[in-house]
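Notes to accompany the following structure.
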Amino acid sequence: MTVPHAEAGSPILELRGVEKSFGAVQVLHGVDLKVYPGKVTALVGDNGAGKSTLIKSIAGIHPIDGGQILFNGEPVSITGPRDSAALGLEVVYQDLALADNLDVVQNMFLGRERKHGIVLDEASMEQAARDTLAKLSVRTLKSVRQLVSSLSGGQRQTVAIAKAVLWDSKVVILDEPTAALGVAQTRQVLDLVRRLADTGHAVLFITHNMVDVFEVSDRVAALYLGRMAADVDISTVDRAQVIELITAGRSGDIGLAPATVSEVV
Amino acid sequence: MASNIVPTSDLEPGGAAPSGFEGDRSDGSLGGVVRGYVDRLRGGDLGALPAVLGIVVLTLLFYALRPETFLTPLNITNLIIQAAPITLLAMGLVWILLLGDIDLSAGVVSGVCAAVSAQLLAQQGAPWWVAVLAALVTGAVIGLFTGTLVALIGIPSFVVTLALFLAFQGVTLRVIGQGGTVPIRDETIRGLTNSYIPVGAGWALAAAVIAAYAVLQLNRWRTQRSKGLDSQPLIVVVGRIVLIAVVVLVLTSILNADRALSKAVDLKGIPYAIPVVVVLLLVLTFLLGRTTFGRHVYAVGGNSEAARRAGISVTRIRVLVFMLSSSMAAVSGLVAAARLSSVTPGSGGGNTLLYAVGAAVIGGTSLFGGRGRIRDAVLGGLVIAIIDNGLGLLQVSAYLNYIITGGVLLLAASVDALARRRAAAGKS
């Protein structure tokens with residue numbers, strides 16, 4: 001399970017032996033993961049492999065039961081969404097977690113509103129939101145004061161990602177950002193993912209789509225039934241191997257030990 | 001916590017938005033605003049339209065049926081005093097409804113609070129402000145209790161407040177005791193609905209309200225314009241100011257007219273309950289629209305999971321909202337007690353709650369959570385009071401009165417449900 005070759009730089013986010021159970025069901029078994037700044041790490045795995053649980057654990061929605069989370073090499077305790085946000089971890093959820101009855105600006109600043117005394121500073125929030133969207137070359141929004149309920153799926157995805165960028169996060173975690181999008185919008189989101197990494201963000205990118213994995217990722221991490229089968233550089237694997245890692249937990253000499261695989265199944 | 005998070009953007013004070021982002025401005029022309037409004041109506045966001053239509057249509061209807069009595073200064077004053085307790089209760093319920101919860105005990109809570117302060121006045125001879133404070137504290141404590149059961153234990157608010165609806169009637173009965181009725185003799189509390197602001201001061205107050213509104217609106221518009229933010233055309237802003245000014249001036253002139261039935265007495269001026277309603281309207285509107293707390297209430301009502309992931313304590317927000325709402329019930333109970341000059345075991349029972357929920361919903365607050373404003377309580381409260389008052393003048397039978405009022409609430413709820421369906425259909 002160790003990374004087969006030396007890594008340049010040190011991981012900004014590292015998981016060591018993370019465990020998580022819901023009641024009697026253990027979902028994550030000793031998961032290790034390294035996420036590097038300036039790189040896109042694709043997190044792949046079949047349905048039920050524990051991808052969503054893993055990112056929710058990192059985000060503090062489901063605090064971990066065992067193991068360690070290290071940020072910049074320091075062990076940190078993440079017990080709630082505020083902890084992860086304070087570290088600079090931003091999660092863009094599959095179901096987007098936007099409030100339909102609020103507008104774009106209000107959603108982007110939700111939970112971290114800017115204030116003058118006790119009064120919300122709408123002017124500065126609107127300007128910052130607009131600036132961020134402009135930086136991402138978003139031209140599809142009619143107004144930043146539009147209610148989110150009136151946006152399309154792609155626009156919602158854009159707003160959710162822009163929210164992460166707005167906060168200048170160090171680690172951006174994207175949960176299947178292209179799952180519900182058309183071709184052109186998928187293209188835009190993938191470009192956006194690449195740009196996030198190129199500007200120094202560490203990106204953890206959950207996807208089912210092999211084309212997406214090989215198009216934007218620098219590294220690939222495969223979960224198999226709650227265990228980390230591999231966490232390797234994208235150049236060391238091909239598409240067939242990744243699919244094998246997802247479906248069988250091992251491929252050739254990488255992946256889980258055969259004993260573990262048979263024990264799990 | 002916010003201090004260590006620095007957004008990527010450097011602000012450009014006074015500058016326009018950067019180029020390459022032209023599509024983000026909503027249409028700022030008058031035509032664009034009208035089109036935007038029509039789009040919103042079509043999309044199911046009716047806003048204040050049903051309530052305003054209701055006020056106009058019902059006023060015309062009752063005026064046609066009772067031309068000698070309905071639109072007299074005396075009756076309009078009565079009507080507004082009738083509307084005050086309904087509106088105050090509804091102002092609290094708007095918050096509960098915004099969360100998607102319901103408080104079926106709000107009416108009887110107003111009775112409990114009124115009973116507590118009436119007993120303090122009658123038995124202990126407490127000064128009026130102690131009685132008012134006691135009512136507010138009672139309301140807040142009850143809200144803390146209800147909110148804890150709902151938010152912390154997780155019992156549906158419908159069940160909690162249905163149980164408390166019964167329990168609090170018992171509490172009122174116990175507080176009032178065997179006497180049956182506690183009269184309120186304190187002049188300050190009775191004065192809420194029974195004494196009036198001197199005519200000159202009333203006009204000055206009206207002028208001050210209009211001036212303050214105009215300054216606030218124009219200032220906001222100027223700031224938005226100068227920073228290149230989303231803003232409405234000046235003519236719409238001015239139109240709104242003129243509308244508010246006309247309504248305030250017409251109401252003031254009616255309330256300042258002599259409404260005494262005999263020439264021998266002089267009866268004119270704004271009842272003190274009205275500034276109370278106006279001040280609470282302003283304070284709560286500010287709290288809901290301009291503070292983090294209000295923003296988080298909307299977020300919890302719109303998508304509580306999103307709010308939780310954004311680091312908002314949903315439990316805390318819900319408990320605080322129940323406390324706020326029950327405190328507003330206390331204010332409503334005091335005004336209702338002032339109007340009747342007494343508190344009875346039945347105070348806050350009967351159709352009190354139905355009227356208040358009806359007021360909020362007719363005003364445009366959604367029963368499904370996430371949509372509503374404080375002014376809804378005022379507009380809806382007026383509609384309910386007009387119906388109640390008008391049917392009284394028509395001397396319709398009690399049975400018909402119940403059926404009509406219940407029907408109006410059902411109608412408002414149907415409009416709300418249809419609007420929601422429409423909005424959901426428009427999204428996909």
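FYI, nothing fancy with the structure tokens labels: chains A, B, ... in order, residues from 1 per chain, ligands from 1 as they appear.
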Could you give me, as a PDB file with all heavy atoms, in the first residue's frame, the residues within 12 Å of A:Asp46, counting only C-alpha atoms and dropping anything in the same chain fewer than 2 positions from it?
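Once written, out_35.pdb looks like this:
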```
ATOM      1  N   LEU A  43     -10.070  10.705  -6.896  1.00  0.00           N
ATOM      2  CA  LEU A  43     -10.470   9.646  -5.965  1.00  0.00           C
ATOM      3  C   LEU A  43     -11.539   8.826  -6.661  1.00  0.00           C
ATOM      4  O   LEU A  43     -12.614   9.321  -6.972  1.00  0.00           O
ATOM      5  CB  LEU A  43     -11.006  10.264  -4.669  1.00  0.00           C
ATOM      6  CG  LEU A  43     -11.477   9.285  -3.589  1.00  0.00           C
ATOM      7  CD1 LEU A  43     -10.333   8.409  -3.104  1.00  0.00           C
ATOM      8  CD2 LEU A  43     -12.092  10.042  -2.415  1.00  0.00           C
ATOM      9  N   VAL A  44     -11.196   7.565  -6.962  1.00  0.00           N
ATOM     10  CA  VAL A  44     -12.136   6.719  -7.692  1.00  0.00           C
ATOM     11  C   VAL A  44     -12.536   5.538  -6.826  1.00  0.00           C
ATOM     12  O   VAL A  44     -11.890   5.228  -5.820  1.00  0.00           O
ATOM     13  CB  VAL A  44     -11.549   6.227  -9.030  1.00  0.00           C
ATOM     14  CG1 VAL A  44     -11.303   7.387  -9.970  1.00  0.00           C
ATOM     15  CG2 VAL A  44     -10.263   5.442  -8.786  1.00  0.00           C
ATOM     16  N   GLY A  48     -20.556   2.766  -3.155  1.00  0.00           N
ATOM     17  CA  GLY A  48     -20.480   2.130  -1.849  1.00  0.00           C
ATOM     18  C   GLY A  48     -19.062   1.869  -1.383  1.00  0.00           C
ATOM     19  O   GLY A  48     -18.850   1.253  -0.342  1.00  0.00           O
ATOM     20  N   ALA A  49     -18.061   2.324  -2.145  1.00  0.00           N
ATOM     21  CA  ALA A  49     -16.673   2.098  -1.742  1.00  0.00           C
ATOM     22  C   ALA A  49     -16.279   2.999  -0.579  1.00  0.00           C
ATOM     23  O   ALA A  49     -15.281   2.742   0.087  1.00  0.00           O
ATOM     24  CB  ALA A  49     -15.745   2.334  -2.927  1.00  0.00           C
ATOM     25  N   GLY A  50     -17.071   4.056  -0.345  1.00  0.00           N
ATOM     26  CA  GLY A  50     -16.786   4.931   0.789  1.00  0.00           C
ATOM     27  C   GLY A  50     -16.234   6.291   0.400  1.00  0.00           C
ATOM     28  O   GLY A  50     -15.729   7.021   1.246  1.00  0.00           O
ATOM     29  N   LYS A  51     -16.347   6.650  -0.891  1.00  0.00           N
ATOM     30  CA  LYS A  51     -15.795   7.941  -1.341  1.00  0.00           C
ATOM     31  C   LYS A  51     -16.478   9.111  -0.634  1.00  0.00           C
ATOM     32  O   LYS A  51     -15.819  10.005  -0.106  1.00  0.00           O
ATOM     33  CB  LYS A  51     -15.987   8.102  -2.861  1.00  0.00           C
ATOM     34  CG  LYS A  51     -15.393   6.994  -3.708  1.00  0.00           C
ATOM     35  CD  LYS A  51     -15.481   7.319  -5.182  1.00  0.00           C
ATOM     36  CE  LYS A  51     -16.886   7.482  -5.701  1.00  0.00           C
ATOM     37  NZ  LYS A  51     -17.674   6.218  -5.734  1.00  0.00           N
ATOM     38  N   SER A  52     -17.813   9.080  -0.643  1.00  0.00           N
ATOM     39  CA  SER A  52     -18.549  10.197  -0.047  1.00  0.00           C
ATOM     40  C   SER A  52     -18.306  10.264   1.453  1.00  0.00           C
ATOM     41  O   SER A  52     -18.142  11.352   2.016  1.00  0.00           O
ATOM     42  CB  SER A  52     -20.044  10.055  -0.319  1.00  0.00           C
ATOM     43  OG  SER A  52     -20.286  10.244  -1.690  1.00  0.00           O
ATOM     44  N   ILE A 206     -13.448  13.675  -6.989  1.00  0.00           N
ATOM     45  CA  ILE A 206     -14.120  12.373  -7.000  1.00  0.00           C
ATOM     46  C   ILE A 206     -14.873  12.204  -8.303  1.00  0.00           C
ATOM     47  O   ILE A 206     -15.593  13.109  -8.726  1.00  0.00           O
ATOM     48  CB  ILE A 206     -15.105  12.279  -5.831  1.00  0.00           C
ATOM     49  CG1 ILE A 206     -14.328  12.343  -4.531  1.00  0.00           C
ATOM     50  CG2 ILE A 206     -15.923  11.003  -5.915  1.00  0.00           C
ATOM     51  CD1 ILE A 206     -15.188  12.369  -3.335  1.00  0.00           C
ATOM     52  N   THR A 207     -14.699  11.070  -8.942  1.00  0.00           N
ATOM     53  CA  THR A 207     -15.379  10.876 -10.223  1.00  0.00           C
ATOM     54  C   THR A 207     -15.559   9.400 -10.537  1.00  0.00           C
ATOM     55  O   THR A 207     -14.882   8.535  -9.984  1.00  0.00           O
ATOM     56  CB  THR A 207     -14.617  11.578 -11.362  1.00  0.00           C
ATOM     57  OG1 THR A 207     -15.365  11.445 -12.561  1.00  0.00           O
ATOM     58  CG2 THR A 207     -13.247  10.951 -11.562  1.00  0.00           C
ATOM     59  N   HIS A 208     -16.499   9.140 -11.409  1.00  0.00           N
ATOM     60  CA  HIS A 208     -16.725   7.809 -11.943  1.00  0.00           C
ATOM     61  C   HIS A 208     -16.193   7.711 -13.365  1.00  0.00           C
ATOM     62  O   HIS A 208     -16.158   6.644 -13.945  1.00  0.00           O
ATOM     63  CB  HIS A 208     -18.240   7.541 -12.011  1.00  0.00           C
ATOM     64  CG  HIS A 208     -18.787   6.917 -10.782  1.00  0.00           C
ATOM     65  ND1 HIS A 208     -18.233   5.829 -10.191  1.00  0.00           N
ATOM     66  CD2 HIS A 208     -19.864   7.228 -10.025  1.00  0.00           C
ATOM     67  CE1 HIS A 208     -18.924   5.486  -9.127  1.00  0.00           C
ATOM     68  NE2 HIS A 208     -19.925   6.326  -8.999  1.00  0.00           N
ATOM     69  N   ASN A 209     -15.833   8.866 -13.889  1.00  0.00           N
ATOM     70  CA  ASN A 209     -15.586   8.965 -15.319  1.00  0.00           C
ATOM     71  C   ASN A 209     -14.088   8.843 -15.623  1.00  0.00           C
ATOM     72  O   ASN A 209     -13.301   9.709 -15.291  1.00  0.00           O
ATOM     73  CB  ASN A 209     -16.135  10.307 -15.806  1.00  0.00           C
ATOM     74  CG  ASN A 209     -16.106  10.412 -17.305  1.00  0.00           C
ATOM     75  OD1 ASN A 209     -15.208   9.862 -17.960  1.00  0.00           O
ATOM     76  ND2 ASN A 209     -17.068  11.109 -17.856  1.00  0.00           N
ATOM     77  N   ALA A 222      -7.546   4.903  -5.480  1.00  0.00           N
ATOM     78  CA  ALA A 222      -8.698   4.033  -5.702  1.00  0.00           C
ATOM     79  C   ALA A 222      -9.147   3.411  -4.391  1.00  0.00           C
ATOM     80  O   ALA A 222      -8.358   2.794  -3.677  1.00  0.00           O
ATOM     81  CB  ALA A 222      -8.342   2.940  -6.706  1.00  0.00           C
ATOM     82  N   LEU A 223     -10.416   3.601  -4.061  1.00  0.00           N
ATOM     83  CA  LEU A 223     -10.989   2.975  -2.874  1.00  0.00           C
ATOM     84  C   LEU A 223     -11.676   1.681  -3.298  1.00  0.00           C
ATOM     85  O   LEU A 223     -12.359   1.636  -4.325  1.00  0.00           O
ATOM     86  CB  LEU A 223     -12.040   3.899  -2.253  1.00  0.00           C
ATOM     87  CG  LEU A 223     -11.620   4.889  -1.162  1.00  0.00           C
ATOM     88  CD1 LEU A 223     -12.826   5.708  -0.744  1.00  0.00           C
ATOM     89  CD2 LEU A 223     -11.021   4.183   0.039  1.00  0.00           C
ATOM     90  N   TYR A 224     -11.469   0.632  -2.478  1.00  0.00           N
ATOM     91  CA  TYR A 224     -12.150  -0.633  -2.761  1.00  0.00           C
ATOM     92  C   TYR A 224     -12.770  -1.108  -1.457  1.00  0.00           C
ATOM     93  O   TYR A 224     -12.050  -1.440  -0.508  1.00  0.00           O
ATOM     94  CB  TYR A 224     -11.151  -1.652  -3.324  1.00  0.00           C
ATOM     95  CG  TYR A 224     -11.760  -3.006  -3.570  1.00  0.00           C
ATOM     96  CD1 TYR A 224     -12.643  -3.202  -4.642  1.00  0.00           C
ATOM     97  CD2 TYR A 224     -11.477  -4.079  -2.744  1.00  0.00           C
ATOM     98  CE1 TYR A 224     -13.215  -4.437  -4.869  1.00  0.00           C
ATOM     99  CE2 TYR A 224     -12.044  -5.324  -2.961  1.00  0.00           C
ATOM    100  CZ  TYR A 224     -12.922  -5.497  -4.027  1.00  0.00           C
ATOM    101  OH  TYR A 224     -13.489  -6.719  -4.246  1.00  0.00           O
ATOM    102  N   LEU A 225     -14.077  -1.125  -1.381  1.00  0.00           N
ATOM    103  CA  LEU A 225     -14.815  -1.557  -0.188  1.00  0.00           C
ATOM    104  C   LEU A 225     -14.247  -0.963   1.101  1.00  0.00           C
ATOM    105  O   LEU A 225     -14.000  -1.660   2.076  1.00  0.00           O
ATOM    106  CB  LEU A 225     -14.815  -3.095  -0.105  1.00  0.00           C
ATOM    107  CG  LEU A 225     -15.504  -3.806  -1.282  1.00  0.00           C
ATOM    108  CD1 LEU A 225     -15.351  -5.313  -1.157  1.00  0.00           C
ATOM    109  CD2 LEU A 225     -16.981  -3.439  -1.342  1.00  0.00           C
ATOM    110  N   GLY A 226     -14.041   0.336   1.073  1.00  0.00           N
ATOM    111  CA  GLY A 226     -13.618   1.034   2.282  1.00  0.00           C
ATOM    112  C   GLY A 226     -12.129   0.979   2.570  1.00  0.00           C
ATOM    113  O   GLY A 226     -11.673   1.450   3.600  1.00  0.00           O
ATOM    114  N   ARG A 227     -11.356   0.328   1.661  1.00  0.00           N
ATOM    115  CA  ARG A 227      -9.904   0.288   1.841  1.00  0.00           C
ATOM    116  C   ARG A 227      -9.239   1.011   0.676  1.00  0.00           C
ATOM    117  O   ARG A 227      -9.745   0.976  -0.440  1.00  0.00           O
ATOM    118  CB  ARG A 227      -9.414  -1.155   1.889  1.00  0.00           C
ATOM    119  CG  ARG A 227      -9.851  -1.899   3.126  1.00  0.00           C
ATOM    120  CD  ARG A 227      -9.534  -3.375   3.022  1.00  0.00           C
ATOM    121  NE  ARG A 227      -9.688  -4.042   4.312  1.00  0.00           N
ATOM    122  CZ  ARG A 227     -10.864  -4.438   4.796  1.00  0.00           C
ATOM    123  NH1 ARG A 227     -11.977  -4.231   4.111  1.00  0.00           N
ATOM    124  NH2 ARG A 227     -10.933  -5.011   5.984  1.00  0.00           N
ATOM    125  N   ALA A 229      -6.989   1.031  -2.144  1.00  0.00           N
ATOM    126  CA  ALA A 229      -6.305   0.023  -2.946  1.00  0.00           C
ATOM    127  C   ALA A 229      -5.000   0.566  -3.509  1.00  0.00           C
ATOM    128  O   ALA A 229      -4.009  -0.149  -3.601  1.00  0.00           O
ATOM    129  CB  ALA A 229      -7.215  -0.453  -4.076  1.00  0.00           C
ATOM    130  N   VAL A 242      -6.703   1.001 -13.645  1.00  0.00           N
ATOM    131  CA  VAL A 242      -7.536   1.767 -12.716  1.00  0.00           C
ATOM    132  C   VAL A 242      -8.887   1.084 -12.563  1.00  0.00           C
ATOM    133  O   VAL A 242      -9.409   0.933 -11.448  1.00  0.00           O
ATOM    134  CB  VAL A 242      -7.704   3.226 -13.203  1.00  0.00           C
ATOM    135  CG1 VAL A 242      -8.698   3.970 -12.301  1.00  0.00           C
ATOM    136  CG2 VAL A 242      -6.381   3.949 -13.204  1.00  0.00           C
ATOM    137  N   ILE A 243      -9.440   0.621 -13.689  1.00  0.00           N
ATOM    138  CA  ILE A 243     -10.739  -0.048 -13.617  1.00  0.00           C
ATOM    139  C   ILE A 243     -10.631  -1.329 -12.801  1.00  0.00           C
ATOM    140  O   ILE A 243     -11.490  -1.637 -11.986  1.00  0.00           O
ATOM    141  CB  ILE A 243     -11.263  -0.326 -15.053  1.00  0.00           C
ATOM    142  CG1 ILE A 243     -11.624   0.994 -15.708  1.00  0.00           C
ATOM    143  CG2 ILE A 243     -12.463  -1.270 -15.018  1.00  0.00           C
ATOM    144  CD1 ILE A 243     -12.016   0.909 -17.150  1.00  0.00           C
ATOM    145  N   GLU A 244      -9.507  -2.028 -12.965  1.00  0.00           N
ATOM    146  CA  GLU A 244      -9.301  -3.245 -12.188  1.00  0.00           C
ATOM    147  C   GLU A 244      -9.181  -2.941 -10.686  1.00  0.00           C
ATOM    148  O   GLU A 244      -9.709  -3.668  -9.846  1.00  0.00           O
ATOM    149  CB  GLU A 244      -8.028  -3.948 -12.681  1.00  0.00           C
ATOM    150  CG  GLU A 244      -8.151  -5.454 -12.669  1.00  0.00           C
ATOM    151  CD  GLU A 244      -6.924  -6.118 -13.272  1.00  0.00           C
ATOM    152  OE1 GLU A 244      -6.306  -5.521 -14.211  1.00  0.00           O
ATOM    153  OE2 GLU A 244      -6.574  -7.208 -12.805  1.00  0.00           O
ATOM    154  N   LEU A 245      -8.486  -1.838 -10.398  1.00  0.00           N
ATOM    155  CA  LEU A 245      -8.356  -1.428  -8.987  1.00  0.00           C
ATOM    156  C   LEU A 245      -9.718  -1.114  -8.377  1.00  0.00           C
ATOM    157  O   LEU A 245      -9.996  -1.434  -7.225  1.00  0.00           O
ATOM    158  CB  LEU A 245      -7.453  -0.193  -8.880  1.00  0.00           C
ATOM    159  CG  LEU A 245      -5.955  -0.439  -9.034  1.00  0.00           C
ATOM    160  CD1 LEU A 245      -5.217   0.888  -9.214  1.00  0.00           C
ATOM    161  CD2 LEU A 245      -5.415  -1.188  -7.822  1.00  0.00           C
ATOM    162  N   ILE A 246     -10.564  -0.494  -9.187  1.00  0.00           N
ATOM    163  CA  ILE A 246     -11.893  -0.120  -8.691  1.00  0.00           C
ATOM    164  C   ILE A 246     -12.741  -1.367  -8.455  1.00  0.00           C
ATOM    165  O   ILE A 246     -13.399  -1.495  -7.429  1.00  0.00           O
ATOM    166  CB  ILE A 246     -12.606   0.813  -9.704  1.00  0.00           C
ATOM    167  CG1 ILE A 246     -11.896   2.162  -9.770  1.00  0.00           C
ATOM    168  CG2 ILE A 246     -14.072   0.987  -9.335  1.00  0.00           C
ATOM    169  CD1 ILE A 246     -12.395   3.047 -10.886  1.00  0.00           C
ATOM    170  N   THR A 247     -12.681  -2.306  -9.394  1.00  0.00           N
ATOM    171  CA  THR A 247     -13.610  -3.437  -9.330  1.00  0.00           C
ATOM    172  C   THR A 247     -13.052  -4.616  -8.539  1.00  0.00           C
ATOM    173  O   THR A 247     -13.822  -5.383  -7.975  1.00  0.00           O
ATOM    174  CB  THR A 247     -13.962  -3.932 -10.745  1.00  0.00           C
ATOM    175  OG1 THR A 247     -12.744  -4.184 -11.452  1.00  0.00           O
ATOM    176  CG2 THR A 247     -14.769  -2.900 -11.497  1.00  0.00           C
ATOM    177  N   ALA A 248     -11.709  -4.778  -8.477  1.00  0.00           N
ATOM    178  CA  ALA A 248     -11.169  -5.956  -7.826  1.00  0.00           C
ATOM    179  C   ALA A 248     -10.228  -5.632  -6.671  1.00  0.00           C
ATOM    180  O   ALA A 248      -9.821  -6.504  -5.923  1.00  0.00           O
ATOM    181  CB  ALA A 248     -10.419  -6.820  -8.848  1.00  0.00           C
ATOM    182  N   GLY A 249      -9.880  -4.361  -6.539  1.00  0.00           N
ATOM    183  CA  GLY A 249      -9.032  -3.978  -5.420  1.00  0.00           C
ATOM    184  C   GLY A 249      -7.536  -4.129  -5.697  1.00  0.00           C
ATOM    185  O   GLY A 249      -6.714  -3.641  -4.948  1.00  0.00           O
TER     186      GLY A 249
END
```
Legend entry - For B:Ala118: contacts at 7 Å, only C-alpha atoms, fewer than 3 positions along chain excluded, given as a list in words: Ala114, Ala115, Leu121, Ala122, Val182, Ile184 and Val343 of chain B
Those selected residues, please, written with C-alpha atoms and delivered as a compact mmCIF listing (two decimals), in the first residue's frame.
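Result file is selection-v3.txt:
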```txt
# COMPACT_ATOMS: atom_id res chain seq x y z
CA ALA B 114 -50.84 38.21 29.33
CA ALA B 115 -52.16 36.33 32.37
CA LEU B 121 -50.43 44.15 38.04
CA ALA B 122 -53.52 43.07 39.97
CA VAL B 182 -58.41 39.55 35.70
CA ILE B 184 -56.30 45.39 33.70
CA VAL B 343 -57.37 38.67 30.65
```
Inset, instruction - Using only C-alpha atoms, find the residues of chain A whose closest atom to chain B is at most 6 Å away, then write them as a list of chain:residue names. - result: A:Pro81, A:Arg82, A:Ala97, A:Leu98, A:Ala99, A:Asn101, A:Gly111, A:Val119, A:Leu120, A:Ala128, A:Ala134, A:Arg139, A:Leu141, A:Lys142, A:Ser143, A:Ser150, A:Leu166, A:Trp167, A:Asp168
Restricting the output to N, CA, C and O atoms, write the selected residues as a compact mmCIF listing (two decimals), in the first residue's frame.
```txt
# COMPACT_ATOMS: atom_id res chain seq x y z
N PRO A 81 -17.75 21.23 10.41
CA PRO A 81 -17.46 21.93 9.17
C PRO A 81 -16.62 23.20 9.39
O PRO A 81 -15.81 23.56 8.53
N ARG A 82 -16.78 23.83 10.56
CA ARG A 82 -16.01 25.05 10.80
C ARG A 82 -14.52 24.76 10.92
O ARG A 82 -13.68 25.57 10.52
N ALA A 97 -25.31 21.51 -2.03
CA ALA A 97 -25.45 22.20 -0.75
C ALA A 97 -25.62 23.71 -0.91
O ALA A 97 -24.94 24.51 -0.26
N LEU A 98 -26.49 24.09 -1.82
CA LEU A 98 -26.82 25.51 -1.95
C LEU A 98 -28.25 25.69 -1.45
O LEU A 98 -29.08 24.80 -1.59
N ALA A 99 -28.54 26.84 -0.86
CA ALA A 99 -29.90 27.13 -0.43
C ALA A 99 -30.64 27.80 -1.59
O ALA A 99 -30.26 28.88 -2.02
N ASN A 101 -33.40 29.30 -1.83
CA ASN A 101 -34.12 30.55 -1.60
C ASN A 101 -33.18 31.73 -1.38
O ASN A 101 -33.64 32.83 -1.11
N GLY A 111 -22.59 31.38 5.99
CA GLY A 111 -21.84 30.93 7.15
C GLY A 111 -20.60 31.76 7.44
O GLY A 111 -19.99 31.62 8.48
N VAL A 119 -24.33 44.73 10.97
CA VAL A 119 -25.03 44.79 9.69
C VAL A 119 -24.24 44.05 8.63
O VAL A 119 -23.01 44.19 8.54
N LEU A 120 -24.92 43.26 7.82
CA LEU A 120 -24.27 42.56 6.71
C LEU A 120 -23.71 43.57 5.72
O LEU A 120 -24.38 44.54 5.37
N ALA A 128 -17.00 41.11 -4.18
CA ALA A 128 -16.06 39.99 -4.12
C ALA A 128 -16.59 38.80 -4.92
O ALA A 128 -15.83 38.14 -5.63
N ALA A 134 -15.78 36.63 -12.23
CA ALA A 134 -15.11 37.21 -13.40
C ALA A 134 -13.78 36.51 -13.63
O ALA A 134 -13.41 36.21 -14.76
N ARG A 139 -19.64 33.57 -17.58
CA ARG A 139 -20.47 34.56 -18.27
C ARG A 139 -21.90 34.11 -18.40
O ARG A 139 -22.72 34.73 -19.04
N LEU A 141 -24.11 33.63 -15.95
CA LEU A 141 -25.07 34.13 -14.96
C LEU A 141 -25.65 35.47 -15.38
O LEU A 141 -24.93 36.33 -15.84
N LYS A 142 -26.96 35.60 -15.22
CA LYS A 142 -27.59 36.86 -15.57
C LYS A 142 -27.24 37.91 -14.53
O LYS A 142 -26.92 39.03 -14.85
N SER A 143 -27.31 37.51 -13.27
CA SER A 143 -27.03 38.45 -12.19
C SER A 143 -26.55 37.69 -10.97
O SER A 143 -26.99 36.58 -10.71
N SER A 150 -33.25 29.60 -9.58
CA SER A 150 -33.48 29.86 -11.01
C SER A 150 -32.28 29.43 -11.86
O SER A 150 -32.27 29.65 -13.07
N LEU A 166 -13.50 31.59 -3.87
CA LEU A 166 -13.68 32.85 -3.15
C LEU A 166 -12.95 32.81 -1.82
O LEU A 166 -12.38 33.79 -1.37
N TRP A 167 -12.99 31.64 -1.17
CA TRP A 167 -12.39 31.54 0.16
C TRP A 167 -10.91 31.24 0.11
O TRP A 167 -10.30 30.98 1.13
N ASP A 168 -10.34 31.23 -1.10
CA ASP A 168 -8.90 31.04 -1.24
C ASP A 168 -8.47 29.78 -0.50
O ASP A 168 -7.51 29.78 0.25
```
Legend entry - Spatial neighbours of stretch 277-280 of chain B, max dist 8 Å, only C-alpha atoms, sep filter under 2 positions, as a PyMOL selection string: chain B and resi 84+87-88+273-275+282-284
Take the residues from that selection and put them in a file with C-alpha atoms, as a compact mmCIF listing (two decimals), in the first residue's frame.
```txt
# COMPACT_ATOMS: atom_id res chain seq x y z
CA ALA B 84 -52.59 44.91 15.90
CA THR B 87 -50.15 41.24 13.25
CA LEU B 88 -47.85 41.08 16.27
CA ALA B 273 -50.31 50.32 19.62
CA ILE B 274 -49.53 51.51 16.08
CA PRO B 275 -46.05 52.91 16.80
CA LEU B 282 -38.68 47.91 11.50
CA VAL B 283 -36.58 46.09 14.10
CA LEU B 284 -37.58 42.61 12.95
```
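Atom CA of B:Asn256 lies 4.4 Å from atom CA of B:Gly269.
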Legend entry - Residue nearest B:Leu79 - candidates B:Asp388, B:Leu400, B:Arg421, B:Gly407, atoms counted: only C-alpha atoms: B:Asp388
Legend entry - Best match for closeness to A:Asp65 among A:Val40, A:Gln106, A:Gly23, A:Val35, counting only C-alpha atoms: A:Gly23
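Distances to B:Trp203 were evaluated for B:Asn219, B:Ser253, B:Thr72, B:Thr138 using only C-alpha atoms, and the minimum falls at B:Ser253.
Going from atom CA of A:Leu192 to atom CA of A:Leu174 covers 11.3 Å.
Taking atom CA of B:Asp376 and atom CA of B:Val57 as endpoints, the distance between them is 17.5 Å.
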Legend entry - Within 8 Å of B:Ile210 using only C-alpha atoms, minus same-chain residues under 6 positions, as a list in words: Ile241, Ile244, Ala245 and Val248 of chain B
